[in-house]
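Q: Structure file target_22.cif (mmCIF, N, CA and C atoms and all ligand atoms) right here:
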data_data
loop_
_atom_site.label_atom_id
_atom_site.label_comp_id
_atom_site.auth_asym_id
_atom_site.auth_seq_id
_atom_site.Cartn_x
_atom_site.Cartn_y
_atom_site.Cartn_z
N MET A 1 -9.77 -48.62 -11.29
CA MET A 1 -9.79 -47.18 -11.36
C MET A 1 -10.79 -46.72 -12.43
N THR A 2 -11.51 -45.65 -12.14
CA THR A 2 -12.53 -45.16 -13.05
C THR A 2 -11.88 -44.45 -14.23
N LYS A 3 -12.39 -44.76 -15.42
CA LYS A 3 -11.89 -44.08 -16.62
C LYS A 3 -12.68 -42.80 -16.85
N LEU A 4 -11.99 -41.73 -17.22
CA LEU A 4 -12.65 -40.45 -17.48
C LEU A 4 -12.90 -40.32 -18.98
N ASN A 5 -14.07 -39.77 -19.32
CA ASN A 5 -14.32 -39.56 -20.75
C ASN A 5 -13.52 -38.35 -21.25
N THR A 6 -13.50 -38.14 -22.52
CA THR A 6 -12.67 -37.10 -23.13
C THR A 6 -13.05 -35.70 -22.65
N THR A 7 -14.33 -35.42 -22.52
CA THR A 7 -14.78 -34.09 -22.08
C THR A 7 -14.31 -33.81 -20.66
N THR A 8 -14.46 -34.78 -19.77
CA THR A 8 -14.04 -34.59 -18.38
C THR A 8 -12.54 -34.38 -18.30
N ARG A 9 -11.80 -35.18 -19.08
CA ARG A 9 -10.35 -35.03 -19.09
C ARG A 9 -9.94 -33.64 -19.59
N THR A 10 -10.59 -33.17 -20.64
CA THR A 10 -10.29 -31.85 -21.19
C THR A 10 -10.57 -30.76 -20.17
N LEU A 11 -11.72 -30.89 -19.48
CA LEU A 11 -12.07 -29.90 -18.46
C LEU A 11 -11.04 -29.90 -17.32
N LEU A 12 -10.65 -31.07 -16.86
CA LEU A 12 -9.66 -31.16 -15.78
C LEU A 12 -8.33 -30.54 -16.19
N ILE A 13 -7.92 -30.80 -17.42
CA ILE A 13 -6.66 -30.23 -17.90
C ILE A 13 -6.76 -28.71 -17.97
N ALA A 14 -7.92 -28.19 -18.43
CA ALA A 14 -8.11 -26.74 -18.52
C ALA A 14 -8.07 -26.10 -17.13
N VAL A 15 -8.74 -26.71 -16.16
CA VAL A 15 -8.75 -26.18 -14.79
C VAL A 15 -7.33 -26.20 -14.22
N LEU A 16 -6.62 -27.31 -14.44
CA LEU A 16 -5.24 -27.42 -13.95
C LEU A 16 -4.36 -26.34 -14.58
N ALA A 17 -4.54 -26.08 -15.88
CA ALA A 17 -3.75 -25.05 -16.56
C ALA A 17 -4.01 -23.68 -15.97
N VAL A 18 -5.28 -23.38 -15.65
CA VAL A 18 -5.62 -22.08 -15.07
C VAL A 18 -5.00 -21.94 -13.69
N VAL A 19 -5.06 -23.00 -12.90
CA VAL A 19 -4.49 -22.96 -11.54
C VAL A 19 -2.97 -22.75 -11.61
N VAL A 20 -2.31 -23.46 -12.50
CA VAL A 20 -0.85 -23.32 -12.64
C VAL A 20 -0.50 -21.90 -13.12
N ALA A 21 -1.27 -21.38 -14.08
CA ALA A 21 -1.00 -20.02 -14.58
C ALA A 21 -1.21 -19.00 -13.47
N ALA A 22 -2.26 -19.16 -12.66
CA ALA A 22 -2.52 -18.22 -11.57
C ALA A 22 -1.41 -18.28 -10.53
N ALA A 23 -0.95 -19.48 -10.21
CA ALA A 23 0.13 -19.63 -9.22
C ALA A 23 1.42 -19.00 -9.74
N ALA A 24 1.71 -19.20 -11.03
CA ALA A 24 2.92 -18.61 -11.61
C ALA A 24 2.83 -17.09 -11.61
N TYR A 25 1.67 -16.57 -11.94
CA TYR A 25 1.49 -15.11 -11.95
C TYR A 25 1.67 -14.54 -10.55
N ALA A 26 1.07 -15.21 -9.55
CA ALA A 26 1.19 -14.74 -8.17
C ALA A 26 2.64 -14.79 -7.70
N ALA A 27 3.34 -15.86 -8.10
CA ALA A 27 4.75 -15.99 -7.69
C ALA A 27 5.60 -14.89 -8.30
N LEU A 28 5.30 -14.56 -9.55
CA LEU A 28 6.11 -13.53 -10.24
C LEU A 28 5.76 -12.13 -9.79
N ASN A 29 4.49 -11.88 -9.47
CA ASN A 29 4.05 -10.51 -9.18
C ASN A 29 3.59 -10.29 -7.75
N GLY A 30 3.57 -11.31 -6.95
CA GLY A 30 3.04 -11.19 -5.60
C GLY A 30 3.77 -10.20 -4.73
N ASN A 31 5.07 -10.06 -4.91
CA ASN A 31 5.85 -9.18 -4.06
C ASN A 31 6.13 -7.83 -4.71
N ALA A 32 5.55 -7.61 -5.90
CA ALA A 32 5.81 -6.34 -6.58
C ALA A 32 5.21 -5.19 -5.78
N ILE A 33 5.91 -4.08 -5.71
CA ILE A 33 5.44 -2.89 -5.00
C ILE A 33 5.10 -1.84 -6.04
N SER A 34 3.87 -1.36 -6.00
CA SER A 34 3.48 -0.33 -6.96
C SER A 34 4.17 0.98 -6.60
N PRO A 35 4.28 1.91 -7.55
CA PRO A 35 4.90 3.21 -7.24
C PRO A 35 4.20 3.92 -6.09
N VAL A 36 2.87 3.79 -6.01
CA VAL A 36 2.14 4.46 -4.93
C VAL A 36 2.55 3.88 -3.59
N GLN A 37 2.60 2.53 -3.49
CA GLN A 37 3.02 1.91 -2.24
C GLN A 37 4.43 2.33 -1.90
N ASN A 38 5.28 2.37 -2.93
CA ASN A 38 6.67 2.75 -2.72
C ASN A 38 6.76 4.14 -2.10
N THR A 39 5.96 5.05 -2.63
CA THR A 39 5.96 6.42 -2.11
C THR A 39 5.52 6.43 -0.67
N GLU A 40 4.48 5.65 -0.34
CA GLU A 40 3.99 5.61 1.04
C GLU A 40 5.06 5.07 1.97
N VAL A 41 5.75 4.00 1.52
CA VAL A 41 6.82 3.43 2.34
C VAL A 41 7.92 4.46 2.53
N ALA A 42 8.28 5.15 1.46
CA ALA A 42 9.34 6.15 1.54
C ALA A 42 8.98 7.24 2.53
N VAL A 43 7.73 7.67 2.53
CA VAL A 43 7.30 8.71 3.46
C VAL A 43 7.38 8.19 4.88
N GLU A 44 6.96 6.94 5.10
CA GLU A 44 7.04 6.37 6.45
C GLU A 44 8.49 6.31 6.91
N VAL A 45 9.36 5.88 6.00
CA VAL A 45 10.77 5.78 6.36
C VAL A 45 11.33 7.16 6.65
N ALA A 46 10.93 8.13 5.83
CA ALA A 46 11.42 9.49 6.05
C ALA A 46 10.98 9.99 7.42
N THR A 47 9.75 9.67 7.80
CA THR A 47 9.24 10.10 9.11
C THR A 47 10.03 9.42 10.22
N ALA A 48 10.25 8.12 10.06
CA ALA A 48 10.98 7.38 11.09
C ALA A 48 12.41 7.88 11.22
N ASN A 49 12.93 8.36 10.10
CA ASN A 49 14.31 8.82 10.11
C ASN A 49 14.42 10.33 10.21
N ALA A 50 13.39 10.96 10.75
CA ALA A 50 13.38 12.42 10.81
C ALA A 50 14.59 12.97 11.55
N GLY A 51 15.15 12.17 12.44
CA GLY A 51 16.32 12.61 13.17
C GLY A 51 17.60 12.52 12.36
N GLY A 52 17.52 12.01 11.14
CA GLY A 52 18.68 11.94 10.28
C GLY A 52 19.45 10.63 10.41
N ASP A 53 18.86 9.64 11.09
CA ASP A 53 19.54 8.36 11.26
C ASP A 53 19.26 7.47 10.05
N CYS A 54 20.25 7.25 9.22
CA CYS A 54 20.05 6.46 8.00
C CYS A 54 20.49 5.00 8.18
N THR A 55 21.02 4.65 9.31
CA THR A 55 21.62 3.33 9.45
C THR A 55 20.61 2.20 9.32
N SER A 56 19.34 2.45 9.73
CA SER A 56 18.35 1.38 9.66
C SER A 56 17.44 1.50 8.45
N CYS A 57 17.69 2.47 7.59
CA CYS A 57 16.79 2.72 6.45
C CYS A 57 17.19 1.85 5.26
N PRO A 58 16.24 1.05 4.74
CA PRO A 58 16.56 0.19 3.59
C PRO A 58 16.81 0.98 2.31
N TYR A 59 16.44 2.27 2.29
CA TYR A 59 16.60 3.08 1.08
C TYR A 59 17.86 3.93 1.10
N ALA A 60 18.61 3.86 2.19
CA ALA A 60 19.83 4.67 2.29
C ALA A 60 20.77 4.37 1.13
N GLY A 61 21.20 5.41 0.47
CA GLY A 61 22.16 5.24 -0.63
C GLY A 61 21.53 4.79 -1.93
N THR A 62 20.21 4.64 -1.99
CA THR A 62 19.56 4.23 -3.23
C THR A 62 18.84 5.43 -3.85
N ASP A 63 18.33 5.23 -5.07
CA ASP A 63 17.60 6.34 -5.69
C ASP A 63 16.21 6.52 -5.09
N GLN A 64 15.85 5.66 -4.12
CA GLN A 64 14.56 5.80 -3.44
C GLN A 64 14.72 6.46 -2.08
N CYS A 65 15.89 6.94 -1.80
CA CYS A 65 16.13 7.60 -0.51
C CYS A 65 15.17 8.78 -0.36
N PRO A 66 14.34 8.78 0.70
CA PRO A 66 13.39 9.88 0.91
C PRO A 66 14.09 11.22 1.08
N ALA A 67 15.25 11.22 1.65
CA ALA A 67 15.97 12.48 1.84
C ALA A 67 16.36 13.07 0.48
N ALA A 68 16.70 12.19 -0.47
CA ALA A 68 17.07 12.66 -1.80
C ALA A 68 15.85 13.14 -2.56
N ALA A 69 14.66 12.72 -2.11
CA ALA A 69 13.43 13.09 -2.81
C ALA A 69 12.83 14.37 -2.27
N LYS A 70 13.52 15.06 -1.37
CA LYS A 70 12.98 16.31 -0.84
C LYS A 70 12.83 17.34 -1.96
N PRO A 71 11.88 18.23 -1.87
CA PRO A 71 10.89 18.36 -0.81
C PRO A 71 9.72 17.38 -1.00
N TYR A 72 9.01 17.10 0.08
CA TYR A 72 7.81 16.27 -0.02
C TYR A 72 6.88 16.63 1.14
N VAL A 73 5.65 16.18 1.04
CA VAL A 73 4.69 16.39 2.12
C VAL A 73 4.66 15.12 2.96
N ASP A 74 4.90 15.26 4.24
CA ASP A 74 4.86 14.12 5.16
C ASP A 74 3.40 13.76 5.38
N ALA A 75 2.98 12.65 4.75
CA ALA A 75 1.57 12.26 4.80
C ALA A 75 1.10 11.91 6.21
N SER A 76 2.03 11.56 7.07
CA SER A 76 1.63 11.22 8.44
C SER A 76 1.29 12.48 9.24
N LYS A 77 1.73 13.64 8.77
CA LYS A 77 1.42 14.90 9.45
C LYS A 77 0.28 15.67 8.76
N CYS A 78 0.22 15.59 7.43
CA CYS A 78 -0.73 16.40 6.67
C CYS A 78 -2.17 16.08 7.07
N ILE A 79 -2.95 17.14 7.33
CA ILE A 79 -4.35 16.98 7.71
C ILE A 79 -5.28 17.31 6.55
N GLY A 80 -4.71 17.59 5.38
CA GLY A 80 -5.50 17.83 4.18
C GLY A 80 -6.31 19.11 4.20
N CYS A 81 -5.83 20.13 4.88
CA CYS A 81 -6.60 21.38 5.04
C CYS A 81 -6.55 22.26 3.79
N SER A 82 -5.63 22.00 2.88
CA SER A 82 -5.49 22.72 1.59
C SER A 82 -4.94 24.14 1.71
N LYS A 83 -4.43 24.53 2.86
CA LYS A 83 -3.85 25.88 2.97
C LYS A 83 -2.70 26.05 1.99
N CYS A 84 -1.86 25.02 1.88
CA CYS A 84 -0.72 25.11 0.97
C CYS A 84 -1.19 25.29 -0.47
N VAL A 85 -2.28 24.63 -0.83
CA VAL A 85 -2.82 24.74 -2.19
C VAL A 85 -3.35 26.14 -2.43
N ARG A 86 -3.99 26.72 -1.40
CA ARG A 86 -4.56 28.07 -1.56
C ARG A 86 -3.47 29.13 -1.73
N VAL A 87 -2.38 29.00 -0.99
CA VAL A 87 -1.33 30.04 -1.07
C VAL A 87 -0.33 29.77 -2.19
N ALA A 88 -0.22 28.50 -2.62
CA ALA A 88 0.75 28.16 -3.67
C ALA A 88 0.19 27.07 -4.59
N PRO A 89 -0.84 27.41 -5.37
CA PRO A 89 -1.46 26.39 -6.23
C PRO A 89 -0.53 25.88 -7.32
N GLU A 90 0.50 26.66 -7.64
CA GLU A 90 1.44 26.19 -8.66
C GLU A 90 2.38 25.11 -8.13
N ALA A 91 2.39 24.91 -6.81
CA ALA A 91 3.31 23.93 -6.23
C ALA A 91 2.61 22.76 -5.53
N PHE A 92 1.40 22.99 -5.05
CA PHE A 92 0.73 21.96 -4.25
C PHE A 92 -0.61 21.57 -4.85
N GLU A 93 -0.99 20.33 -4.61
CA GLU A 93 -2.30 19.83 -4.99
C GLU A 93 -2.71 18.77 -3.97
N ILE A 94 -4.01 18.55 -3.87
CA ILE A 94 -4.49 17.51 -2.97
C ILE A 94 -4.66 16.22 -3.76
N ASN A 95 -4.07 15.15 -3.27
CA ASN A 95 -4.24 13.84 -3.89
C ASN A 95 -5.65 13.36 -3.57
N GLU A 96 -6.46 13.15 -4.61
CA GLU A 96 -7.86 12.78 -4.39
C GLU A 96 -8.02 11.42 -3.72
N GLN A 97 -7.05 10.54 -3.88
CA GLN A 97 -7.15 9.21 -3.27
C GLN A 97 -6.82 9.26 -1.79
N THR A 98 -5.82 10.03 -1.41
CA THR A 98 -5.39 10.04 -0.01
C THR A 98 -5.98 11.21 0.77
N GLY A 99 -6.39 12.27 0.07
CA GLY A 99 -6.89 13.45 0.77
C GLY A 99 -5.76 14.28 1.36
N LYS A 100 -4.53 13.95 1.02
CA LYS A 100 -3.36 14.67 1.53
C LYS A 100 -2.74 15.51 0.42
N ALA A 101 -1.99 16.51 0.83
CA ALA A 101 -1.31 17.36 -0.15
C ALA A 101 -0.11 16.63 -0.74
N GLN A 102 0.24 17.03 -1.96
CA GLN A 102 1.46 16.55 -2.58
C GLN A 102 2.04 17.68 -3.42
N ILE A 103 3.33 17.61 -3.62
CA ILE A 103 4.01 18.66 -4.38
C ILE A 103 4.00 18.28 -5.85
N LYS A 104 3.65 19.24 -6.68
CA LYS A 104 3.59 19.00 -8.12
C LYS A 104 5.00 18.87 -8.69
N PRO A 105 5.13 18.12 -9.79
CA PRO A 105 6.44 18.03 -10.43
C PRO A 105 6.92 19.41 -10.89
N ALA A 106 8.20 19.66 -10.75
CA ALA A 106 8.83 20.92 -11.18
C ALA A 106 8.21 22.14 -10.51
N ALA A 107 7.77 21.99 -9.28
CA ALA A 107 7.20 23.13 -8.54
C ALA A 107 8.30 24.13 -8.23
N PRO A 108 8.01 25.43 -8.38
CA PRO A 108 9.02 26.45 -8.09
C PRO A 108 9.38 26.45 -6.59
N PRO A 109 10.67 26.50 -6.27
CA PRO A 109 11.09 26.46 -4.86
C PRO A 109 10.45 27.55 -4.00
N GLU A 110 10.27 28.76 -4.57
CA GLU A 110 9.69 29.84 -3.76
C GLU A 110 8.22 29.54 -3.43
N ALA A 111 7.52 28.87 -4.33
CA ALA A 111 6.13 28.50 -4.08
C ALA A 111 6.06 27.39 -3.02
N ILE A 112 7.00 26.47 -3.06
CA ILE A 112 7.05 25.41 -2.06
C ILE A 112 7.30 26.04 -0.68
N ALA A 113 8.19 27.01 -0.64
CA ALA A 113 8.49 27.68 0.63
C ALA A 113 7.26 28.42 1.16
N ARG A 114 6.50 29.03 0.26
CA ARG A 114 5.28 29.74 0.65
C ARG A 114 4.26 28.76 1.23
N GLY A 115 4.08 27.64 0.56
CA GLY A 115 3.13 26.63 1.05
C GLY A 115 3.59 26.03 2.36
N ALA A 116 4.88 25.80 2.49
CA ALA A 116 5.42 25.23 3.73
C ALA A 116 5.20 26.18 4.90
N LYS A 117 5.37 27.48 4.64
CA LYS A 117 5.19 28.47 5.70
C LYS A 117 3.73 28.53 6.15
N ALA A 118 2.81 28.28 5.21
CA ALA A 118 1.38 28.36 5.54
C ALA A 118 0.87 27.10 6.24
N CYS A 119 1.60 26.02 6.14
CA CYS A 119 1.12 24.74 6.69
C CYS A 119 1.03 24.81 8.22
N PRO A 120 -0.15 24.53 8.78
CA PRO A 120 -0.33 24.65 10.24
C PRO A 120 0.32 23.51 11.03
N VAL A 121 0.67 22.42 10.35
CA VAL A 121 1.24 21.28 11.09
C VAL A 121 2.67 20.96 10.64
N ASP A 122 3.27 21.87 9.88
CA ASP A 122 4.66 21.72 9.46
C ASP A 122 4.89 20.39 8.73
N ALA A 123 4.00 20.09 7.77
CA ALA A 123 4.07 18.81 7.08
C ALA A 123 4.96 18.82 5.84
N VAL A 124 5.40 20.00 5.42
CA VAL A 124 6.22 20.08 4.21
C VAL A 124 7.68 19.95 4.60
N VAL A 125 8.31 18.90 4.11
CA VAL A 125 9.71 18.63 4.44
C VAL A 125 10.58 19.14 3.29
N ARG A 126 11.53 20.05 3.63
CA ARG A 126 12.39 20.64 2.60
C ARG A 126 13.86 20.40 2.91
S1 LIG B 1 -1.21 23.07 4.53
FE1 LIG B 1 -0.10 21.35 5.46
S2 LIG B 1 -1.68 20.10 6.46
FE2 LIG B 1 -2.74 21.48 5.06
S3 LIG B 1 -2.94 20.28 3.15
FE3 LIG B 1 -1.04 21.48 2.95
S4 LIG B 1 0.57 20.11 3.69
FE4 LIG B 1 -1.39 19.26 4.40
#
Could the structure of this file be written out as structure tokens, please?
Ligand code: SF4
A:
Amino acid sequence: MTKLNTTTRTLLIAVLAVVVAAAAYAALNGNAISPVQNTEVAVEVATANAGGDCTSCPYAGTDQCPAAAKPYVDASKCIGCSKCVRVAPEAFEINEQTGKAQIKPAAPPEAIARGAKACPVDAVVR
């Protein structure tokens, strides 16, 4: 068997350590869901459950229940026309990443209602 010199052995150990650290990191964080992804999933689930059927929803009864998070803008319906923002800027804004409307934190209910009424595709769920 070939003997490795000290430098080669050190390099091999360093490469092995990096590979093990990367695998451990992937194992620990590979399935993590970012808040943005979570929101997207919640909106999809809310759309799928628009009829009020919670039996198949993985978020039923949890603090991530889309119904409990009302009001929200259904991203699958929103066409990003900004009408809601124009009539109720204190309640709505366009998400620059998605191009869809979203409701601002602590938005006044009357402003949300105004924006919802202006929406041409009925994308605001209340
Ligand atoms: S008015 Fe409706 S479709 Fe237009 S940006 Fe607002 S929520 Fe989206």
Q: Give as a PyMOL selection string the residues surrounding ligand LIG 1 (chain B) up to a distance of 6.5 Å, considering all atoms listed in the file.
A: chain A and resi 73+77-85+100-102+115+118-124
Q: State, in Å with one decimal place, the distance from atom N of A:Phe92 to atom C of A:Ala75.
A: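 Result for atom N of A:Phe92 versus atom C of A:Ala75: 15.8 Å, one decimal.
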Q: Taking only C-alpha atoms into account, which of A:Ala107, A:Thr6, A:Lys117, A:Glu90 comes nearest A:Pro71?
A: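 For A:Pro71, the nearest of the given residues is A:Ala107.
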Q: Tell me which of A:Thr98, A:Asp74, A:Val87, A:Gln64 sits closest to A:Arg114, counting only C-alpha atoms.
A: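 Distance minimum relative to A:Arg114 lands on A:Val87.
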Q: Calculate how many Å separate atom CA of A:Lys70 from atom CA of A:Val125, rounding to one decimal.
A: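 Calculated distance between atom CA of A:Lys70 and atom CA of A:Val125 is 6.6 Å.
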Q: Which distance in Å separates atom N of A:Ile112 and atom N of A:Ala91, to one decimal?
A: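 We find that atom N of A:Ile112 and atom N of A:Ala91 lie 6.1 Å from each other.
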Q: Which of these, A:Cys65, A:Ala60, A:Arg126, A:Thr7, has the shortest distance to A:Ile103 once you count only C-alpha atoms?
A: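 Ranked by minimum distance to A:Ile103, first place goes to A:Arg126.
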